[in-house]
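To start, the structure under review is shown below, and the notes come after it.
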Amino acid sequence: MSSDERPVALVTGGGSGIGAAIARRLAADYRVVICGRRPEPITRLADAIGGVALVCDLNNLAETRGLPDRIIERLGRLDALVLNAGIVAPAPVAEMSLDDWQAQLTVNLTSPFVLAQVALPHLLHRQGRVVGIASVAAHATGMGLSAYSASKAGLIRLIQSLAFENARHGLRANAVSPGWVRTEMGDMEMAELGGSAEEGYAQVTQHIPQRRAADASEIAGVVAFLLSDAASFINGSVVTADGGGRTVDAGMLAFDS
């Protein structure tokens, strides 16, 4: 068990993208545990920020269930849980396989439920905090996103249920719904769409009021705020970080010159 008594935060899916940015941001105040399937990126990041890397396949619910005990055994406490890991496998409803549907619900919703349930006694002991990384897809869907949207909407309700049931015991739980974010995976997707990452991002953000995608560090800043004492009376909330995208009325875009 570590003799360092700083609070401990677990970030799932922390090897790249938003999760890695969150881990970097939290490292100033927490001992950060970075969870992911691939050992190389999480170990590299943990070494860089003085954190701990724990390999865990969140598609394996038995592995997921054992993760909090591994953290307690290693670091002695668990104060914050960032449910960031997620997958997307786009396909129209008529064509989506049951395996792809189930995989997205397992990683994006069932695994967070299992992890939060097992971690809850440790979090309550520390009057801890939970942040779930949802998506604007939880509020409005797009082509092929039925499973992803359903899982992210479910994640928000899970977070709100945690808040409602446990706020009276000192727990805070909130969600963040990012829009387009610049990540390694996003860059590849945008390059495929537009011929280059820059052109792709320009296309998907042309109707976003801020006319750009977020940097992953901007989402990390929202998470750090929600975990901080500055957000002490924010509970069960959903913070949308999408550059104003949800303010847009699709039926009025023809008038936007």
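A note on labels: chains of the structure tokens are A, B, ... as shown, every chain counts residues from 1, and ligands are counted from 1 in their shown order.
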
Which of range 29-115 of chain A fall in helix (DSSP H, G or I), as a ChimeraX atom specification: /A:39-49,61-75,98-115

List every residue of range 124-235 of chain A that has an atom at most 7 Å from any atom of range 79-85 of chain A, and for each one report the closest atom pair and its distance in Å to one decimal, counting only C-alpha atoms, with rows sorted by chain and then by increasing residue number, as a tab-separated table.
residue	atom	partner	partner_atom	distance
A:Arg126	CA	A:Asp79	CA	5.8
A:Gly128	CA	A:Asp79	CA	4.7
A:Arg129	CA	A:Ala80	CA	4.8
A:Val130	CA	A:Leu81	CA	4.7
A:Val131	CA	A:Val82	CA	4.9
A:Gly132	CA	A:Leu83	CA	4.6
A:Ile133	CA	A:Asn84	CA	5.0

Atom pair CA of Arg25 in chain A / CA of Ala216 in chain A: separation (Å): 10.4 Å

Selection: 10 Å around Gln203 in chain A, only C-alpha atoms, excl. self and same-chain fewer than 6 positions, as an MDAnalysis selection string: chainID A and resid 190 193:194 197 211:212

Dump as JSON lines the rows for residues of range 108-192 of chain A within 9 Å of range 4-16 of chain A: closest atom pair and distance in Å with one decimal, only C-alpha atoms counted, ordered by chain and rising residue number.
{"residue": "A:Arg126", "atom": "CA", "partner": "A:Pro7", "partner_atom": "CA", "distance": 9.0}
{"residue": "A:Thr183", "atom": "CA", "partner": "A:Ser16", "partner_atom": "CA", "distance": 7.7}
{"residue": "A:Glu184", "atom": "CA", "partner": "A:Ser16", "partner_atom": "CA", "distance": 7.4}
{"residue": "A:Met185", "atom": "CA", "partner": "A:Ser16", "partner_atom": "CA", "distance": 8.8}

Residues near Thr64 in chain A, cut-off 9 Å, only C-alpha atoms, skip fewer than 6 positions along chain, as number ranges by chain: A: 56-58, 111-112, 114-115

Those of range 6-216 of chain A in DSSP strand (DSSP E), formatted as a VMD selection string: chain A and resid 8 to 12 31 to 36 52 to 55 80 to 83 129 to 133 172 to 178 181 to 182 214 to 215

Could you name the residues that touch Ala147 in chain A at 10 Å or less, counting only C-alpha atoms, but leaving out those on the same chain fewer than 5 positions away, as a PDB file with N, CA, C and O atoms, in the first residue's frame?
ATOM      1  N   VAL A  88     -17.558   3.002 -30.263  1.00  0.00           N
ATOM      2  CA  VAL A  88     -18.651   3.232 -31.201  1.00  0.00           C
ATOM      3  C   VAL A  88     -18.432   2.351 -32.417  1.00  0.00           C
ATOM      4  O   VAL A  88     -17.305   2.231 -32.912  1.00  0.00           O
ATOM      5  N   ALA A  89     -19.510   1.711 -32.869  1.00  0.00           N
ATOM      6  CA  ALA A  89     -19.475   0.883 -34.073  1.00  0.00           C
ATOM      7  C   ALA A  89     -20.700   1.253 -34.901  1.00  0.00           C
ATOM      8  O   ALA A  89     -21.753   0.631 -34.783  1.00  0.00           O
ATOM      9  N   PRO A  90     -20.585   2.293 -35.721  1.00  0.00           N
ATOM     10  CA  PRO A  90     -21.763   2.827 -36.410  1.00  0.00           C
ATOM     11  C   PRO A  90     -22.354   1.838 -37.412  1.00  0.00           C
ATOM     12  O   PRO A  90     -21.628   1.164 -38.149  1.00  0.00           O
ATOM     13  N   ALA A  91     -23.673   1.790 -37.427  1.00  0.00           N
ATOM     14  CA  ALA A  91     -24.413   1.018 -38.429  1.00  0.00           C
ATOM     15  C   ALA A  91     -25.883   1.392 -38.305  1.00  0.00           C
ATOM     16  O   ALA A  91     -26.368   1.627 -37.188  1.00  0.00           O
ATOM     17  N   PRO A  92     -26.607   1.449 -39.424  1.00  0.00           N
ATOM     18  CA  PRO A  92     -28.050   1.690 -39.329  1.00  0.00           C
ATOM     19  C   PRO A  92     -28.735   0.588 -38.526  1.00  0.00           C
ATOM     20  O   PRO A  92     -28.241  -0.551 -38.452  1.00  0.00           O
ATOM     21  N   VAL A  93     -29.854   0.923 -37.936  1.00  0.00           N
ATOM     22  CA  VAL A  93     -30.595  -0.065 -37.138  1.00  0.00           C
ATOM     23  C   VAL A  93     -30.859  -1.325 -37.954  1.00  0.00           C
ATOM     24  O   VAL A  93     -30.726  -2.458 -37.455  1.00  0.00           O
ATOM     25  N   MET A  96     -27.337  -3.237 -38.122  1.00  0.00           N
ATOM     26  CA  MET A  96     -26.444  -3.452 -36.992  1.00  0.00           C
ATOM     27  C   MET A  96     -26.563  -4.879 -36.466  1.00  0.00           C
ATOM     28  O   MET A  96     -27.663  -5.375 -36.222  1.00  0.00           O
ATOM     29  N   ASP A 100     -22.482  -6.135 -32.281  1.00  0.00           N
ATOM     30  CA  ASP A 100     -22.046  -4.743 -32.218  1.00  0.00           C
ATOM     31  C   ASP A 100     -22.915  -3.923 -31.275  1.00  0.00           C
ATOM     32  O   ASP A 100     -22.423  -3.056 -30.548  1.00  0.00           O
ATOM     33  N   TRP A 101     -24.209  -4.185 -31.301  1.00  0.00           N
ATOM     34  CA  TRP A 101     -25.111  -3.501 -30.363  1.00  0.00           C
ATOM     35  C   TRP A 101     -24.715  -3.817 -28.924  1.00  0.00           C
ATOM     36  O   TRP A 101     -24.545  -2.927 -28.095  1.00  0.00           O
ATOM     37  N   GLN A 102     -24.531  -5.097 -28.647  1.00  0.00           N
ATOM     38  CA  GLN A 102     -24.248  -5.513 -27.282  1.00  0.00           C
ATOM     39  C   GLN A 102     -22.884  -5.026 -26.819  1.00  0.00           C
ATOM     40  O   GLN A 102     -22.721  -4.628 -25.656  1.00  0.00           O
ATOM     41  N   ALA A 103     -21.884  -5.027 -27.702  1.00  0.00           N
ATOM     42  CA  ALA A 103     -20.546  -4.574 -27.315  1.00  0.00           C
ATOM     43  C   ALA A 103     -20.573  -3.121 -26.884  1.00  0.00           C
ATOM     44  O   ALA A 103     -19.933  -2.737 -25.897  1.00  0.00           O
ATOM     45  N   GLN A 104     -21.305  -2.283 -27.625  1.00  0.00           N
ATOM     46  CA  GLN A 104     -21.371  -0.862 -27.276  1.00  0.00           C
ATOM     47  C   GLN A 104     -22.101  -0.656 -25.950  1.00  0.00           C
ATOM     48  O   GLN A 104     -21.671   0.165 -25.125  1.00  0.00           O
ATOM     49  N   LEU A 105     -23.173  -1.376 -25.730  1.00  0.00           N
ATOM     50  CA  LEU A 105     -23.877  -1.237 -24.455  1.00  0.00           C
ATOM     51  C   LEU A 105     -23.046  -1.769 -23.296  1.00  0.00           C
ATOM     52  O   LEU A 105     -23.070  -1.212 -22.194  1.00  0.00           O
ATOM     53  N   ASN A 108     -19.990   0.880 -22.837  1.00  0.00           N
ATOM     54  CA  ASN A 108     -20.410   2.256 -22.588  1.00  0.00           C
ATOM     55  C   ASN A 108     -21.377   2.405 -21.426  1.00  0.00           C
ATOM     56  O   ASN A 108     -21.503   3.502 -20.881  1.00  0.00           O
ATOM     57  N   THR A 141     -29.353  12.145 -32.008  1.00  0.00           N
ATOM     58  CA  THR A 141     -28.610  11.063 -32.645  1.00  0.00           C
ATOM     59  C   THR A 141     -28.208  11.420 -34.076  1.00  0.00           C
ATOM     60  O   THR A 141     -28.538  12.488 -34.594  1.00  0.00           O
ATOM     61  N   LYS A 152     -25.051   6.108 -24.288  1.00  0.00           N
ATOM     62  CA  LYS A 152     -24.639   7.353 -23.653  1.00  0.00           C
ATOM     63  C   LYS A 152     -25.809   8.019 -22.925  1.00  0.00           C
ATOM     64  O   LYS A 152     -25.619   8.643 -21.866  1.00  0.00           O
ATOM     65  N   ALA A 153     -27.002   7.906 -23.475  1.00  0.00           N
ATOM     66  CA  ALA A 153     -28.179   8.391 -22.750  1.00  0.00           C
ATOM     67  C   ALA A 153     -28.370   7.598 -21.468  1.00  0.00           C
ATOM     68  O   ALA A 153     -28.681   8.155 -20.401  1.00  0.00           O
TER      69      ALA A 153
END

Selection: 9 Å around Ala213 in chain A, only C-alpha atoms, excl. self and same-chain fewer than 3 positions, as number ranges by chain: A: 179-182, 201-202, 204-205, 208, 210, 242-243

Report as an mmCIF file with all heavy atoms, in the first residue's frame all protein, DNA and RNA residues lying within 8 Å of range 220-235 of chain A, evaluated on only C-alpha atoms, omitting residues in the same chain fewer than 2 positions from it.
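The result, written out as part-v2.cif:
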data_model
loop_
_atom_site.group_PDB
_atom_site.id
_atom_site.type_symbol
_atom_site.label_atom_id
_atom_site.label_comp_id
_atom_site.auth_asym_id
_atom_site.auth_seq_id
_atom_site.Cartn_x
_atom_site.Cartn_y
_atom_site.Cartn_z
ATOM 1 N N ILE A 18 -9.476 11.948 -24.929
ATOM 2 C CA ILE A 18 -10.042 12.675 -23.796
ATOM 3 C C ILE A 18 -9.562 12.088 -22.485
ATOM 4 O O ILE A 18 -9.219 12.819 -21.547
ATOM 5 C CB ILE A 18 -11.586 12.661 -23.873
ATOM 6 C CG1 ILE A 18 -12.072 13.447 -25.090
ATOM 7 C CG2 ILE A 18 -12.187 13.252 -22.597
ATOM 8 C CD1 ILE A 18 -13.562 13.342 -25.333
ATOM 9 N N GLY A 19 -9.521 10.767 -22.390
ATOM 10 C CA GLY A 19 -9.096 10.130 -21.146
ATOM 11 C C GLY A 19 -7.682 10.500 -20.758
ATOM 12 O O GLY A 19 -7.395 10.779 -19.590
ATOM 13 N N ALA A 21 -6.069 13.220 -21.662
ATOM 14 C CA ALA A 21 -6.075 14.630 -21.268
ATOM 15 C C ALA A 21 -6.602 14.805 -19.852
ATOM 16 O O ALA A 21 -6.079 15.621 -19.078
ATOM 17 C CB ALA A 21 -6.924 15.438 -22.252
ATOM 18 N N ILE A 22 -7.614 14.047 -19.486
ATOM 19 C CA ILE A 22 -8.148 14.103 -18.123
ATOM 20 C C ILE A 22 -7.097 13.643 -17.123
ATOM 21 O O ILE A 22 -6.888 14.267 -16.076
ATOM 22 C CB ILE A 22 -9.427 13.249 -18.005
ATOM 23 C CG1 ILE A 22 -10.564 13.865 -18.843
ATOM 24 C CG2 ILE A 22 -9.856 13.105 -16.543
ATOM 25 C CD1 ILE A 22 -11.774 12.961 -18.997
ATOM 26 N N ARG A 25 -4.545 16.303 -16.588
ATOM 27 C CA ARG A 25 -5.073 17.449 -15.842
ATOM 28 C C ARG A 25 -5.211 17.123 -14.359
ATOM 29 O O ARG A 25 -4.943 17.980 -13.493
ATOM 30 C CB ARG A 25 -6.429 17.849 -16.435
ATOM 31 C CG ARG A 25 -7.080 19.047 -15.760
ATOM 32 C CD ARG A 25 -6.256 20.319 -15.933
ATOM 33 N NE ARG A 25 -6.899 21.459 -15.314
ATOM 34 C CZ ARG A 25 -7.667 22.328 -15.969
ATOM 35 N NH1 ARG A 25 -7.873 22.178 -17.276
ATOM 36 N NH2 ARG A 25 -8.218 23.329 -15.338
ATOM 37 N N LEU A 26 -5.613 15.902 -14.034
ATOM 38 C CA LEU A 26 -5.861 15.544 -12.639
ATOM 39 C C LEU A 26 -4.577 15.240 -11.874
ATOM 40 O O LEU A 26 -4.587 15.212 -10.638
ATOM 41 C CB LEU A 26 -6.789 14.333 -12.563
ATOM 42 C CG LEU A 26 -8.204 14.514 -13.124
ATOM 43 C CD1 LEU A 26 -9.019 13.242 -12.890
ATOM 44 C CD2 LEU A 26 -8.902 15.721 -12.515
ATOM 45 N N ALA A 80 -12.182 9.401 -6.509
ATOM 46 C CA ALA A 80 -12.856 9.935 -7.696
ATOM 47 C C ALA A 80 -12.848 8.896 -8.802
ATOM 48 O O ALA A 80 -11.865 8.171 -8.985
ATOM 49 C CB ALA A 80 -12.180 11.221 -8.170
ATOM 50 N N ARG A 129 -16.346 11.590 -5.659
ATOM 51 C CA ARG A 129 -16.963 12.218 -6.825
ATOM 52 C C ARG A 129 -16.904 11.275 -8.021
ATOM 53 O O ARG A 129 -15.949 10.525 -8.185
ATOM 54 C CB ARG A 129 -16.237 13.519 -7.189
ATOM 55 C CG ARG A 129 -16.337 14.615 -6.123
ATOM 56 C CD ARG A 129 -15.124 14.625 -5.209
ATOM 57 N NE ARG A 129 -15.309 15.473 -4.012
ATOM 58 C CZ ARG A 129 -14.858 16.702 -3.895
ATOM 59 N NH1 ARG A 129 -14.195 17.250 -4.887
ATOM 60 N NH2 ARG A 129 -15.069 17.394 -2.799
ATOM 61 N N VAL A 130 -17.918 11.356 -8.862
ATOM 62 C CA VAL A 130 -17.990 10.571 -10.097
ATOM 63 C C VAL A 130 -18.300 11.518 -11.245
ATOM 64 O O VAL A 130 -19.155 12.401 -11.111
ATOM 65 C CB VAL A 130 -19.085 9.485 -10.015
ATOM 66 C CG1 VAL A 130 -19.142 8.688 -11.322
ATOM 67 C CG2 VAL A 130 -18.873 8.567 -8.824
ATOM 68 N N VAL A 131 -17.598 11.345 -12.351
ATOM 69 C CA VAL A 131 -17.939 12.053 -13.585
ATOM 70 C C VAL A 131 -18.030 11.020 -14.703
ATOM 71 O O VAL A 131 -17.105 10.226 -14.900
ATOM 72 C CB VAL A 131 -16.904 13.130 -13.952
ATOM 73 C CG1 VAL A 131 -17.217 13.726 -15.330
ATOM 74 C CG2 VAL A 131 -16.881 14.238 -12.908
ATOM 75 N N GLN A 160 -27.100 10.168 -12.914
ATOM 76 C CA GLN A 160 -28.107 10.889 -12.144
ATOM 77 C C GLN A 160 -28.708 10.017 -11.052
ATOM 78 O O GLN A 160 -29.044 10.519 -9.971
ATOM 79 C CB GLN A 160 -29.175 11.438 -13.086
ATOM 80 C CG GLN A 160 -28.623 12.544 -13.981
ATOM 81 C CD GLN A 160 -29.616 13.050 -14.996
ATOM 82 O OE1 GLN A 160 -30.459 12.306 -15.493
ATOM 83 N NE2 GLN A 160 -29.524 14.335 -15.326
ATOM 84 N N ALA A 163 -26.285 10.080 -8.226
ATOM 85 C CA ALA A 163 -26.387 11.346 -7.498
ATOM 86 C C ALA A 163 -27.622 11.354 -6.599
ATOM 87 O O ALA A 163 -27.538 11.713 -5.413
ATOM 88 C CB ALA A 163 -26.439 12.513 -8.479
ATOM 89 N N ALA A 167 -26.286 11.403 -2.886
ATOM 90 C CA ALA A 167 -25.913 12.766 -2.534
ATOM 91 C C ALA A 167 -26.083 13.003 -1.036
ATOM 92 O O ALA A 167 -25.286 13.702 -0.410
ATOM 93 C CB ALA A 167 -26.742 13.767 -3.328
ATOM 94 N N ARG A 172 -20.929 13.099 -4.934
ATOM 95 C CA ARG A 172 -21.364 13.911 -6.063
ATOM 96 C C ARG A 172 -21.109 13.160 -7.356
ATOM 97 O O ARG A 172 -20.038 12.570 -7.529
ATOM 98 C CB ARG A 172 -20.642 15.258 -6.087
ATOM 99 C CG ARG A 172 -21.067 16.198 -4.979
ATOM 100 C CD ARG A 172 -20.677 17.636 -5.241
ATOM 101 N NE ARG A 172 -19.246 17.838 -5.322
ATOM 102 C CZ ARG A 172 -18.574 18.057 -6.443
ATOM 103 N NH1 ARG A 172 -19.186 18.059 -7.616
ATOM 104 N NH2 ARG A 172 -17.256 18.241 -6.415
ATOM 105 N N ALA A 173 -22.088 13.188 -8.266
ATOM 106 C CA ALA A 173 -21.957 12.508 -9.553
ATOM 107 C C ALA A 173 -22.551 13.391 -10.641
ATOM 108 O O ALA A 173 -23.705 13.832 -10.533
ATOM 109 C CB ALA A 173 -22.664 11.153 -9.525
ATOM 110 N N ASN A 174 -21.777 13.659 -11.672
ATOM 111 C CA ASN A 174 -22.198 14.509 -12.777
ATOM 112 C C ASN A 174 -21.712 13.919 -14.099
ATOM 113 O O ASN A 174 -20.853 13.039 -14.117
ATOM 114 C CB ASN A 174 -21.644 15.924 -12.606
ATOM 115 C CG ASN A 174 -22.211 16.619 -11.387
ATOM 116 O OD1 ASN A 174 -23.371 17.032 -11.374
ATOM 117 N ND2 ASN A 174 -21.389 16.742 -10.347
ATOM 118 N N VAL A 176 -20.616 14.795 -18.362
ATOM 119 C CA VAL A 176 -20.184 15.763 -19.362
ATOM 120 C C VAL A 176 -20.554 15.201 -20.731
ATOM 121 O O VAL A 176 -20.291 14.032 -21.021
ATOM 122 C CB VAL A 176 -18.661 16.010 -19.302
ATOM 123 C CG1 VAL A 176 -18.244 17.021 -20.368
ATOM 124 C CG2 VAL A 176 -18.245 16.484 -17.924
ATOM 125 N N ALA A 216 -8.939 18.286 -26.493
ATOM 126 C CA ALA A 216 -9.242 17.359 -25.392
ATOM 127 C C ALA A 216 -8.987 17.992 -24.031
ATOM 128 O O ALA A 216 -9.669 17.674 -23.046
ATOM 129 C CB ALA A 216 -8.424 16.084 -25.543
ATOM 130 N N SER A 217 -8.038 18.913 -23.963
ATOM 131 C CA SER A 217 -7.746 19.572 -22.687
ATOM 132 C C SER A 217 -8.914 20.415 -22.205
ATOM 133 O O SER A 217 -9.071 20.635 -20.999
ATOM 134 C CB SER A 217 -6.488 20.435 -22.820
ATOM 135 O OG SER A 217 -6.707 21.498 -23.723
ATOM 136 N N GLU A 218 -9.749 20.898 -23.134
ATOM 137 C CA GLU A 218 -10.912 21.689 -22.738
ATOM 138 C C GLU A 218 -11.951 20.821 -22.039
ATOM 139 O O GLU A 218 -12.611 21.261 -21.092
ATOM 140 C CB GLU A 218 -11.510 22.386 -23.949
ATOM 141 C CG GLU A 218 -10.584 23.438 -24.539
ATOM 142 C CD GLU A 218 -11.143 24.078 -25.792
ATOM 143 O OE1 GLU A 218 -11.222 23.386 -26.828
ATOM 144 O OE2 GLU A 218 -11.497 25.268 -25.738
ATOM 145 N N SER A 237 -25.921 16.767 -12.519
ATOM 146 C CA SER A 237 -26.020 17.665 -13.672
ATOM 147 C C SER A 237 -25.332 17.086 -14.900
ATOM 148 O O SER A 237 -24.476 16.207 -14.794
ATOM 149 C CB SER A 237 -25.398 19.023 -13.344
ATOM 150 O OG SER A 237 -26.152 19.704 -12.369
#

Pairwise distance for CA of Leu155 in chain A and CA of Ala134 in chain A, rounded to one decimal in Å: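 Computing it gives 6.5 Å between the two atoms.
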
Coordinates-based distance that separates CA of Gly200 in chain A from CA of Asp187 in chain A (Å, one decimal):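 CA of Gly200 in chain A lies at a distance of 8.3 Å from CA of Asp187 in chain A.
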